[in-house]
Every structure is written in structure tokens, then in C-alpha cells.
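Engineer: Structure: input18.txt, compact mmCIF, C-alpha atoms.
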```txt
# COMPACT_ATOMS: atom_id res chain seq x y z
CA MET O 30 21.76 -6.19 -17.28
CA LEU O 31 22.96 -7.54 -13.95
CA SER O 32 26.13 -9.15 -15.23
CA SER O 33 29.21 -7.44 -16.62
CA SER O 34 32.11 -8.75 -18.69
CA PRO O 35 34.85 -10.04 -16.35
CA SER O 36 38.54 -9.52 -17.05
CA ILE O 37 40.23 -12.28 -19.09
CA PRO O 38 42.12 -13.79 -16.11
CA ARG O 39 38.96 -13.77 -13.99
CA ALA O 40 36.89 -15.29 -16.76
CA ARG O 41 39.49 -18.03 -17.25
CA LYS O 42 39.49 -18.78 -13.54
CA ARG O 43 35.68 -19.04 -13.44
CA LEU O 44 35.65 -21.23 -16.53
CA LEU O 45 38.04 -23.63 -14.84
CA ARG O 46 35.79 -23.65 -11.79
CA VAL O 47 32.73 -24.49 -13.87
CA VAL O 48 34.60 -27.28 -15.69
CA ALA O 49 35.79 -28.67 -12.40
CA THR O 50 32.25 -28.51 -11.00
CA VAL O 51 30.81 -30.32 -14.00
CA SER O 52 33.46 -33.02 -13.72
CA SER O 53 32.84 -33.40 -10.00
CA LEU O 54 29.08 -33.69 -10.50
CA ALA O 55 29.60 -36.28 -13.23
CA LEU O 56 31.84 -38.38 -10.98
CA LEU O 57 29.40 -38.00 -8.09
CA GLY O 58 26.54 -39.12 -10.29
CA SER O 59 28.44 -42.21 -11.36
CA ALA O 60 29.31 -43.07 -7.79
CA LEU O 61 25.75 -42.60 -6.57
CA ALA O 62 24.35 -44.72 -9.36
CA GLY O 63 26.09 -47.72 -7.86
CA CYS O 64 25.01 -47.10 -4.29
CA ALA O 65 21.66 -45.26 -4.57
CA ALA O 66 19.82 -47.80 -2.43
CA SER O 67 22.24 -47.53 0.48
CA ALA O 68 22.39 -43.72 0.23
CA ASP O 69 18.62 -43.31 0.31
CA ALA O 70 18.31 -45.82 3.15
CA SER O 71 20.75 -43.88 5.33
CA ASP O 72 19.23 -40.42 5.25
CA SER O 73 21.29 -38.91 8.03
CA GLY O 74 24.60 -40.24 6.76
CA SER O 75 24.23 -39.83 3.01
CA ALA O 76 25.68 -36.91 1.09
CA THR O 77 22.59 -36.54 -1.08
CA ARG O 78 18.93 -37.51 -1.11
CA THR O 79 16.08 -37.53 -3.59
CA VAL O 80 13.19 -35.11 -3.14
CA ALA O 81 10.32 -33.98 -5.34
CA ASP O 82 10.25 -30.50 -6.80
CA SER O 83 7.56 -29.08 -9.13
CA VAL O 84 9.01 -30.91 -12.14
CA GLY O 85 9.91 -34.32 -10.72
CA ASP O 86 12.43 -36.07 -8.53
CA VAL O 87 15.76 -34.35 -8.02
CA ARG O 88 18.87 -35.37 -6.11
CA ILE O 89 20.15 -32.67 -3.80
CA PRO O 90 22.49 -32.40 -0.79
CA THR O 91 21.04 -33.93 2.35
CA HIS O 92 21.95 -30.87 4.38
CA PRO O 93 22.46 -27.93 2.01
CA LYS O 94 24.47 -25.17 3.65
CA ARG O 95 24.67 -22.52 0.95
CA ILE O 96 21.31 -22.01 -0.77
CA VAL O 97 20.67 -19.45 -3.49
CA ALA O 98 16.99 -18.52 -3.86
CA THR O 99 16.49 -16.75 -7.21
CA ASP O 100 12.69 -16.36 -7.04
CA PHE O 101 10.51 -13.91 -5.12
CA PHE O 102 9.06 -16.30 -2.52
CA SER O 103 11.54 -19.00 -1.48
CA SER O 104 13.79 -16.84 0.69
CA SER O 105 10.97 -16.17 3.16
CA VAL O 106 10.28 -19.88 3.56
CA LEU O 107 13.95 -20.44 4.28
CA VAL O 108 14.00 -17.69 6.90
CA ASP O 109 10.92 -19.26 8.54
CA VAL O 110 12.76 -22.55 9.05
CA GLY O 111 15.97 -20.93 10.28
CA VAL O 112 18.02 -20.82 7.08
CA THR O 113 19.52 -17.64 5.66
CA PRO O 114 20.17 -17.99 1.92
CA VAL O 115 23.47 -16.74 0.52
CA GLY O 116 21.84 -15.28 -2.59
CA VAL O 117 18.40 -13.77 -3.20
CA MET O 118 16.31 -11.85 -5.72
CA GLN O 119 16.53 -8.10 -6.09
CA GLY O 120 13.68 -6.15 -4.52
CA ILE O 121 12.75 -8.55 -1.74
CA GLN O 122 14.58 -6.37 0.76
CA GLU O 123 12.51 -3.31 -0.17
CA PRO O 124 10.10 -1.95 2.47
CA GLY O 125 6.59 -3.28 1.92
CA SER O 126 7.70 -6.24 -0.18
CA ARG O 127 7.16 -8.55 2.83
CA PRO O 128 6.95 -8.30 6.63
CA GLN O 129 9.84 -6.36 8.15
CA ARG O 130 11.47 -9.31 9.90
CA TYR O 131 12.26 -10.92 6.54
CA ILE O 132 13.76 -7.69 5.26
CA ASP O 133 15.91 -7.53 8.40
CA ALA O 134 16.95 -11.19 8.10
CA LEU O 135 17.97 -10.79 4.44
CA LYS O 136 19.76 -7.47 4.83
CA GLY O 137 23.15 -7.61 3.16
CA VAL O 138 22.53 -10.93 1.38
CA GLU O 139 23.87 -10.90 -2.18
CA GLN O 140 21.25 -10.08 -4.81
CA VAL O 141 21.67 -12.34 -7.84
CA SER O 142 18.47 -12.13 -9.89
CA THR O 143 15.57 -10.06 -11.16
CA TYR O 144 12.24 -11.02 -12.69
CA ALA O 145 14.00 -11.02 -16.07
CA GLU O 146 17.35 -12.69 -15.52
CA ILE O 147 19.76 -14.48 -13.20
CA ASN O 148 23.37 -13.34 -12.89
CA VAL O 149 25.13 -16.68 -13.26
CA GLU O 150 28.51 -15.12 -12.49
CA LYS O 151 27.29 -13.89 -9.11
CA VAL O 152 25.76 -17.29 -8.35
CA LEU O 153 29.06 -18.97 -9.20
CA ASP O 154 30.97 -16.63 -6.89
CA LEU O 155 28.68 -17.61 -3.99
CA ASP O 156 29.68 -21.29 -4.35
CA PRO O 157 26.17 -22.65 -3.54
CA ASP O 158 25.33 -26.29 -2.96
CA LEU O 159 21.65 -25.77 -3.95
CA ILE O 160 19.92 -23.28 -6.26
CA ILE O 161 16.17 -22.65 -6.15
CA VAL O 162 14.62 -21.42 -9.40
CA ASP O 163 11.18 -20.70 -10.82
CA ALA O 164 10.07 -23.74 -12.84
CA ALA O 165 8.91 -21.45 -15.65
CA PHE O 166 12.10 -19.37 -15.62
CA PRO O 167 14.90 -18.91 -16.66
CA GLU O 168 15.85 -19.82 -20.24
CA PRO O 169 17.22 -23.33 -20.94
CA GLU O 170 20.71 -21.98 -21.59
CA THR O 171 20.77 -20.28 -18.20
CA LEU O 172 19.52 -23.45 -16.54
CA LYS O 173 22.39 -25.42 -18.09
CA ARG O 174 24.90 -22.94 -16.73
CA LEU O 175 23.32 -23.06 -13.28
CA GLU O 176 23.20 -26.87 -13.27
CA ALA O 177 26.96 -26.85 -13.79
CA ILE O 178 27.31 -24.97 -10.51
CA ALA O 179 24.93 -26.83 -8.16
CA PRO O 180 21.74 -28.95 -8.19
CA LEU O 181 18.56 -27.06 -9.08
CA PHE O 182 15.30 -27.21 -7.14
CA ARG O 183 12.38 -25.87 -9.20
CA VAL O 184 9.30 -24.27 -7.67
CA ASP O 185 5.90 -23.54 -9.19
CA LEU O 186 5.01 -19.93 -8.47
CA THR O 187 1.49 -20.31 -9.89
CA GLY O 188 0.28 -23.19 -7.74
CA SER O 189 -0.63 -23.59 -4.07
CA TRP O 190 1.55 -21.35 -1.93
CA SER O 191 1.39 -23.73 1.03
CA LYS O 192 2.47 -26.76 -1.01
CA ARG O 193 5.29 -24.69 -2.47
CA ALA O 194 6.38 -23.61 1.00
CA LEU O 195 6.47 -27.19 2.23
CA SER O 196 8.50 -28.32 -0.76
CA ILE O 197 11.08 -25.56 -0.23
CA ALA O 198 11.36 -26.44 3.45
CA ASP O 199 11.82 -30.07 2.44
CA ALA O 200 14.63 -29.09 0.07
CA ALA O 201 16.35 -27.37 2.99
CA ASN O 202 15.70 -30.52 5.09
CA HIS O 203 13.46 -28.66 7.55
CA LEU O 204 10.10 -30.10 6.55
CA ASP O 205 9.10 -30.91 10.14
CA THR O 206 9.46 -27.26 11.17
CA ALA O 207 7.35 -26.07 8.24
CA GLN O 208 4.65 -28.66 8.92
CA LYS O 209 4.31 -27.42 12.51
CA GLN O 210 4.01 -23.87 11.24
CA GLN O 211 1.42 -24.98 8.70
CA ARG O 212 -0.72 -26.62 11.37
CA SER O 213 -0.65 -23.48 13.47
CA TYR O 214 -1.56 -21.30 10.48
CA ASP O 215 -4.36 -23.59 9.28
CA GLU O 216 -5.88 -23.86 12.75
CA ARG O 217 -5.93 -20.10 13.15
CA ALA O 218 -7.41 -19.56 9.69
CA LYS O 219 -10.22 -21.98 10.56
CA ARG O 220 -10.92 -20.18 13.85
CA ILE O 221 -11.15 -16.82 12.10
CA SER O 222 -13.39 -18.25 9.40
CA LYS O 223 -15.74 -19.74 11.99
CA HIS O 224 -15.81 -16.66 14.21
CA TYR O 225 -16.55 -14.25 11.35
CA ARG O 226 -18.65 -16.58 9.21
CA LYS O 227 -21.74 -14.39 9.23
CA VAL O 228 -19.74 -11.23 8.55
CA LEU O 229 -17.97 -12.89 5.63
CA ASP O 230 -21.19 -14.28 4.15
CA GLU O 231 -23.01 -10.96 4.37
CA ASN O 232 -20.16 -8.76 3.11
CA PRO O 233 -18.66 -9.86 -0.22
CA LEU O 234 -15.02 -8.83 -0.48
CA ALA O 235 -13.34 -6.75 -3.20
CA VAL O 236 -9.54 -6.62 -3.24
CA VAL O 237 -8.75 -3.66 -5.48
CA SER O 238 -5.64 -2.21 -7.07
CA LEU O 239 -5.67 1.45 -8.11
CA ASN O 240 -3.49 2.18 -11.12
CA THR O 241 -0.75 4.66 -10.26
CA ASN O 242 -0.28 5.74 -13.89
CA ASP O 243 -3.80 6.44 -15.10
CA ALA O 244 -7.40 6.58 -13.92
CA THR O 245 -8.12 2.85 -13.83
CA TRP O 246 -8.64 0.17 -11.22
CA ALA O 247 -8.76 -3.63 -11.11
CA SER O 248 -10.16 -6.27 -8.79
CA TYR O 249 -8.50 -9.56 -7.90
CA ALA O 250 -10.22 -12.91 -8.24
CA PRO O 251 -9.59 -15.58 -5.56
CA GLY O 252 -6.09 -16.94 -6.02
CA GLY O 253 -4.59 -13.63 -7.13
CA TRP O 254 -1.31 -12.67 -5.49
CA PRO O 255 -2.81 -10.50 -2.68
CA THR O 256 -5.64 -12.92 -1.80
CA PRO O 257 -4.10 -16.01 -0.10
CA ALA O 258 -5.08 -15.16 3.48
CA TRP O 259 -8.63 -14.25 2.39
CA VAL O 260 -8.95 -17.50 0.47
CA ASP O 261 -7.65 -19.47 3.46
CA ILE O 262 -10.38 -18.09 5.73
CA ASP O 263 -12.95 -18.87 3.02
CA ALA O 264 -13.92 -15.25 2.42
CA VAL O 265 -16.77 -14.61 -0.01
CA PHE O 266 -15.50 -12.57 -2.95
CA ARG O 267 -17.84 -10.27 -4.87
CA THR O 268 -18.92 -11.48 -8.28
CA PRO O 269 -16.88 -9.73 -10.99
CA THR O 270 -18.92 -7.80 -13.54
CA ASP O 271 -18.55 -7.89 -17.33
CA GLY O 272 -15.08 -6.83 -18.38
CA GLU O 273 -13.39 -7.67 -15.09
CA ALA O 274 -10.96 -10.50 -14.46
CA LYS O 275 -12.88 -13.69 -13.72
CA THR O 276 -9.99 -15.91 -12.59
CA SER O 277 -6.65 -15.47 -10.86
CA THR O 278 -4.83 -15.76 -14.19
CA ASP O 279 -6.89 -12.99 -15.82
CA TRP O 280 -6.25 -9.28 -15.53
CA ALA O 281 -8.25 -6.25 -16.62
CA TRP O 282 -7.97 -2.53 -15.87
CA ILE O 283 -11.34 -0.77 -15.56
CA SER O 284 -11.88 2.94 -16.07
CA ASP O 285 -12.61 5.10 -13.03
CA GLU O 286 -15.75 6.07 -14.91
CA GLN O 287 -17.06 2.59 -14.10
CA LEU O 288 -16.60 2.61 -10.34
CA GLU O 289 -20.26 1.64 -9.98
CA LYS O 290 -19.14 -1.92 -10.77
CA LEU O 291 -17.91 -2.09 -7.16
CA GLY O 292 -21.44 -1.57 -5.91
CA ASN O 293 -21.79 -5.28 -5.11
CA ALA O 294 -18.90 -5.23 -2.60
CA GLY O 295 -19.69 -5.40 1.12
CA PHE O 296 -16.19 -4.19 1.96
CA ILE O 297 -13.22 -3.10 -0.13
CA VAL O 298 -9.51 -3.57 0.51
CA VAL O 299 -7.43 -1.08 -1.48
CA LEU O 300 -3.78 -1.96 -2.05
CA GLU O 301 -2.56 1.56 -2.92
CA PRO O 302 -3.83 3.84 -0.13
CA GLU O 303 -2.08 6.90 -1.53
CA GLN O 304 -4.30 6.69 -4.62
CA LEU O 305 -7.55 7.05 -2.68
CA SER O 306 -7.18 10.82 -2.67
CA ARG O 307 -8.25 10.92 -6.31
CA TYR O 308 -11.73 9.77 -5.25
CA GLU O 309 -12.27 12.48 -2.63
CA ASN O 310 -14.72 14.34 -4.85
CA ASN O 311 -15.92 11.39 -6.92
CA ARG O 312 -19.69 11.14 -6.54
CA VAL O 313 -19.87 7.55 -7.80
CA TRP O 314 -17.21 6.38 -5.37
CA LYS O 315 -18.97 8.11 -2.47
CA SER O 316 -22.23 6.42 -3.43
CA LEU O 317 -20.83 2.87 -3.18
CA PRO O 318 -22.37 0.92 -0.25
CA ALA O 319 -18.95 -0.05 1.09
CA VAL O 320 -17.82 3.58 1.05
CA ARG O 321 -21.03 4.91 2.62
CA ASN O 322 -20.79 2.33 5.39
CA GLY O 323 -17.15 3.05 6.18
CA LYS O 324 -15.98 -0.34 4.97
CA VAL O 325 -13.03 0.64 2.80
CA PHE O 326 -9.66 -0.45 4.17
CA SER O 327 -6.09 0.20 3.07
CA GLY O 328 -2.59 -0.25 4.40
CA PHE O 329 -2.54 -4.05 3.99
CA GLU O 330 1.20 -4.28 3.38
CA ALA O 331 2.73 -7.45 1.95
CA PRO O 332 -0.50 -9.42 1.45
CA ALA O 333 1.13 -11.88 -0.94
CA THR O 334 1.83 -14.55 1.74
CA SER O 335 4.41 -17.13 0.70
CA SER O 336 5.28 -18.82 3.98
CA PHE O 337 3.42 -19.82 7.10
CA GLU O 338 4.88 -17.24 9.46
CA TRP O 339 4.27 -14.58 6.82
CA GLY O 340 0.75 -15.97 6.68
CA GLN O 341 0.34 -15.31 10.39
CA ASP O 342 1.13 -11.66 9.76
CA SER O 343 -1.45 -11.59 6.98
CA LEU O 344 -4.04 -13.14 9.31
CA ASP O 345 -3.28 -10.38 11.85
CA THR O 346 -4.35 -7.79 9.28
CA VAL O 347 -7.31 -9.84 8.06
CA GLU O 348 -8.62 -10.24 11.58
CA SER O 349 -8.19 -6.53 12.28
CA ILE O 350 -10.20 -5.64 9.16
CA LEU O 351 -12.97 -8.11 9.96
CA GLN O 352 -13.33 -6.69 13.46
CA LYS O 353 -14.04 -3.29 11.92
CA VAL O 354 -16.42 -4.74 9.31
CA ALA O 355 -18.35 -6.46 12.09
CA GLN O 356 -18.64 -3.19 14.02
CA GLY O 357 -19.86 -1.21 10.99
```
Represent the structure from my file as C-alpha cells, please.

Structural biologist:
Amino acid sequence: MLSSSPSIPRARKRLLRVVATVSSLALLGSALAGCAASADASDSGSATRTVADSVGDVRIPTHPKRIVATDFFSSSVLVDVGVTPVGVMQGIQEPGSRPQRYIDALKGVEQVSTYAEINVEKVLDLDPDLIIVDAAFPEPETLKRLEAIAPLFRVDLTGSWSKRALSIADAANHLDTAQKQQRSYDERAKRISKHYRKVLDENPLAVVSLNTNDATWASYAPGGWPTPAWVDIDAVFRTPTDGEAKTSTDWAWISDEQLEKLGNAGFIVVLEPEQLSRYENNRVWKSLPAVRNGKVFSGFEAPATSSFEWGQDSLDTVESILQKVAQG
């Protein structure tokens, strides 16, 4: 568990803060109800504005100063547009979780959440004016406690990463910056797709994860977490065989005894390079066309891509791999 039981005086103090926050939000809501039209009409001078998150319209501060980002992706979008959140998720500062500049930018920021829970007490201590949460998480009771602290902005972690990035930038009131970054990213992705069109068409891609616990592997369908940059350049993915995941929401581990299934891959990107050593003497692996032709690549760190500048880093790696595929 992230949270611990506070002392009685501290708990009483925090309870009073929550009650005061709820009362303040209630009064603010009543006041805004009578002047919503004028507030929305004067964007630069209003205290709040209405924006769309993944659930619906939500009223948030016009210029949020203290943002807590409890999910895996939002903090990178904020860094891209020049905002350092005051609270983030555990693990996002770990090497390899994302490009190094994000790890550097978020160093020392308070960690308030995991994939399983949000430490509401830590969030309260940070005194945020906006909290970003996964639309499918957390539990309703936790949401109620968070709503008593600050407005919530909910993001869909299963949908389009670029739309999600734009919505987060909009919540921070830096949409223009993100849109410029998007245009630059999209233009570059199109150039790469055009330049390597023949290479992509003639070499179906397999993005593969090698299980670190047992002798199994899995391939990712388009839309899986490590595939965004490949999808954005319109890469041709190999056709999954029987038993493999067919969509981005499916998942299936395949025995190493069935490595021949990867025989229809023109090139293979392996996400766990340290695991390749187990195939050094594997005759089936060595017989795969991609392996024989020297078209197996590893070391693609942080391929997830959740923001446009992060996407540029991913395109750097994609372009480097395609140059080698074209030379093979």
C-alpha cells in the first residue's frame, strides 16, 4: 500500500482541509452557475473554463498551476508543453520507461500513484488545482475523495494516443503548442512512410516480446503499446498465425517451440534484447528469414510513445532501423 495511517492530529487537520475544499467547490459551483455565459466568453479573465475530457465536459481552472498526473502517459505530454506536474505515477522516472529528458524533467517530483491505487493523502498534501486520472481507474470511492480536492480530468488510455495528448495539453491550456508539435510529428511520419514505402511493403514487421520468466514469446498487433510509431508510418505488420493475438486488445504467449510462426516476418523488432541469448543455438530461430538476413533489431527503448516530442524520438529509432532493413 502507498498510504499509511496518519496521526490523529494530522488526520483531523486533513479532514478539515477536505471539508473546506468541498465547501469552497460548492460555493464556486453556485457562483459560476449564475455567470457561466460571461465566464466562458472571457477566456483569459475567467477563473475556470469548460473543456472536454474522455467522459464529457468538465469545468477546470483556466490556467492550472499545480497539476497531478496519476496515469502513466500524461506527465510526458505536460513536459512537452512546458509544464512540470507536482505529482506523478511511480515508475515513470525509471530508466527505459521513456526518453531520458522526461526522466530528468520529472526527477524529484512526488510519486502519488501506482497501476493499482492512488495515494489520496499524498495528493491532498500537494494542494493541486487539477488532477488527471485514467477514465477506467480508480474506484468510485477514490474518485469521490479526489473530486473533493480538485477538479478531475479523465483520459482514455486505450484510445488514440495523439488525441489523448491533445486533450491533456488542452487541459493545461497549452493546446496551441501541442498542435504545432503534432503537425511536425505527422509531417515527419509521412515523409518516412513515403521514403521507405517499398521497404515497408516488402518486409512485414513483427514486434516481439520475449518472456523473461519462461520460454515463450508474443507478437504485438497494430495498436499495441510498443507500436504507435510503426502504425503512424503505415508499416505493414506480419499476419498473426493461429493462436497469436489478432488485435491490440488480445494477448497470447507462444512457446519457443513454435518460433517457426515468425517465418512470415521480413524484419523483427525484439523488445528484450537480453533474452536473445537463449536463441544462440536454436536451429529454428536461426532458420527464420529475418534472422538469416540480419534483420533482427533490439534496443528500441521506450517505444510506447505518448506525446509528440516522445514520438519524434521513436521516429529516430524507426528511421534508423529502416535504413538497415533497406541495406540488407

Engineer: Could you tell me how far atom CA of O:Gln208 sits from atom CA of O:Leu181, in Å to one decimal place?

Structural biologist: 22.8 Å

Engineer: Just how far from atom CA of O:Ala247 is atom CA of O:Glu301, in Å to one decimal?

Structural biologist: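 If I compute the distance from atom CA of O:Glu301 to atom CA of O:Ala247, I get 11.5 Å.
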
Engineer: Excluding stretch 133-142 of chain O and residues on its chain fewer than 5 positions from it, collect all residues at most 9 Å away from it, counting only C-alpha atoms, and give them as a ChimeraX atom specification.

Structural biologist: /O:31,97-100,104-105,108,113-122,147-152,155

Engineer: Using atom CA of O:Lys324 and atom CA of O:Trp339 as the two end points, give the distance in Å to one decimal.

Structural biologist: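 Distance reported for this atom pair: 24.8 Å.
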
Engineer: I want to know what sits within 10 Å of stretch 278-282 of chain O, based on only C-alpha atoms, with residues of the same chain fewer than 6 positions away left out; could you give that as a PyMOL selection string?

Structural biologist: chain O and resi 187+238-240+243-254+272

Engineer: Would you please work out which residue, of O:Arg78, O:Arg127, O:Arg226, O:Lys173, is nearest to O:His92 when using all atoms listed in the file?

Structural biologist: O:Arg78

Engineer: How would stretch 100-134 of chain O read, as a short mmCIF file (atom, residue, chain, number, x, y, z; two decimals), in the frame of the given file, once N, CA and C atoms are built in?

Structural biologist:
```
data_model
loop_
_atom_site.label_atom_id
_atom_site.label_comp_id
_atom_site.auth_asym_id
_atom_site.auth_seq_id
_atom_site.Cartn_x
_atom_site.Cartn_y
_atom_site.Cartn_z
N ASP O 100 14.07 -16.79 -6.81
CA ASP O 100 12.69 -16.36 -7.04
C ASP O 100 12.23 -15.43 -5.90
N PHE O 101 11.02 -14.90 -6.05
CA PHE O 101 10.51 -13.91 -5.12
C PHE O 101 10.12 -14.50 -3.76
N PHE O 102 9.69 -15.76 -3.71
CA PHE O 102 9.06 -16.30 -2.52
C PHE O 102 9.93 -17.20 -1.65
N SER O 103 10.86 -17.93 -2.23
CA SER O 103 11.54 -19.00 -1.48
C SER O 103 12.34 -18.51 -0.29
N SER O 104 12.94 -17.33 -0.39
CA SER O 104 13.79 -16.84 0.69
C SER O 104 13.03 -16.70 2.00
N SER O 105 11.76 -16.33 1.93
CA SER O 105 10.97 -16.17 3.16
C SER O 105 10.69 -17.51 3.81
N VAL O 106 10.46 -18.52 3.01
CA VAL O 106 10.28 -19.88 3.56
C VAL O 106 11.54 -20.31 4.29
N LEU O 107 12.68 -20.05 3.67
CA LEU O 107 13.95 -20.44 4.28
C LEU O 107 14.15 -19.73 5.61
N VAL O 108 13.86 -18.43 5.65
CA VAL O 108 14.00 -17.69 6.90
C VAL O 108 13.08 -18.29 7.97
N ASP O 109 11.87 -18.67 7.59
CA ASP O 109 10.92 -19.26 8.54
C ASP O 109 11.49 -20.49 9.22
N VAL O 110 12.24 -21.29 8.48
CA VAL O 110 12.76 -22.55 9.05
C VAL O 110 14.19 -22.40 9.56
N GLY O 111 14.67 -21.17 9.66
CA GLY O 111 15.97 -20.93 10.28
C GLY O 111 17.16 -20.95 9.35
N VAL O 112 16.93 -20.80 8.06
CA VAL O 112 18.02 -20.82 7.08
C VAL O 112 18.12 -19.46 6.40
N THR O 113 19.30 -18.88 6.38
CA THR O 113 19.52 -17.64 5.66
C THR O 113 20.20 -17.96 4.33
N PRO O 114 19.54 -17.70 3.21
CA PRO O 114 20.17 -17.99 1.92
C PRO O 114 21.37 -17.09 1.69
N VAL O 115 22.28 -17.54 0.82
CA VAL O 115 23.47 -16.74 0.52
C VAL O 115 23.25 -15.84 -0.69
N GLY O 116 22.17 -16.09 -1.44
CA GLY O 116 21.84 -15.28 -2.59
C GLY O 116 20.33 -15.17 -2.73
N VAL O 117 19.84 -13.98 -3.10
CA VAL O 117 18.40 -13.77 -3.20
C VAL O 117 18.08 -12.90 -4.42
N MET O 118 16.79 -12.68 -4.62
CA MET O 118 16.31 -11.85 -5.72
C MET O 118 16.35 -10.37 -5.33
N GLN O 119 16.60 -9.53 -6.32
CA GLN O 119 16.53 -8.10 -6.09
C GLN O 119 15.10 -7.68 -5.73
N GLY O 120 14.98 -6.70 -4.84
CA GLY O 120 13.68 -6.15 -4.52
C GLY O 120 13.01 -6.74 -3.30
N ILE O 121 13.43 -7.93 -2.87
CA ILE O 121 12.75 -8.55 -1.74
C ILE O 121 13.15 -7.92 -0.42
N GLN O 122 14.17 -7.06 -0.45
CA GLN O 122 14.58 -6.37 0.76
C GLN O 122 14.00 -4.96 0.82
N GLU O 123 13.13 -4.64 -0.14
CA GLU O 123 12.51 -3.31 -0.17
C GLU O 123 11.37 -3.23 0.84
N PRO O 124 11.21 -2.11 1.52
CA PRO O 124 10.10 -1.95 2.47
C PRO O 124 8.76 -2.20 1.79
N GLY O 125 7.90 -2.97 2.46
CA GLY O 125 6.59 -3.28 1.92
C GLY O 125 6.54 -4.50 1.05
N SER O 126 7.70 -5.05 0.67
CA SER O 126 7.70 -6.24 -0.18
C SER O 126 7.30 -7.48 0.60
N ARG O 127 7.48 -7.44 1.92
CA ARG O 127 7.16 -8.55 2.83
C ARG O 127 7.27 -8.02 4.25
N PRO O 128 6.83 -8.78 5.24
CA PRO O 128 6.95 -8.30 6.63
C PRO O 128 8.40 -7.92 6.98
N GLN O 129 8.54 -6.97 7.87
CA GLN O 129 9.84 -6.36 8.15
C GLN O 129 10.87 -7.37 8.63
N ARG O 130 10.46 -8.39 9.36
CA ARG O 130 11.47 -9.31 9.90
C ARG O 130 12.22 -10.05 8.79
N TYR O 131 11.56 -10.29 7.66
CA TYR O 131 12.26 -10.92 6.54
C TYR O 131 13.25 -9.95 5.91
N ILE O 132 12.86 -8.70 5.80
CA ILE O 132 13.76 -7.69 5.26
C ILE O 132 15.00 -7.57 6.14
N ASP O 133 14.79 -7.59 7.46
CA ASP O 133 15.91 -7.53 8.40
C ASP O 133 16.80 -8.76 8.27
N ALA O 134 16.20 -9.94 8.16
CA ALA O 134 16.95 -11.19 8.10
C ALA O 134 17.77 -11.29 6.82
#
```
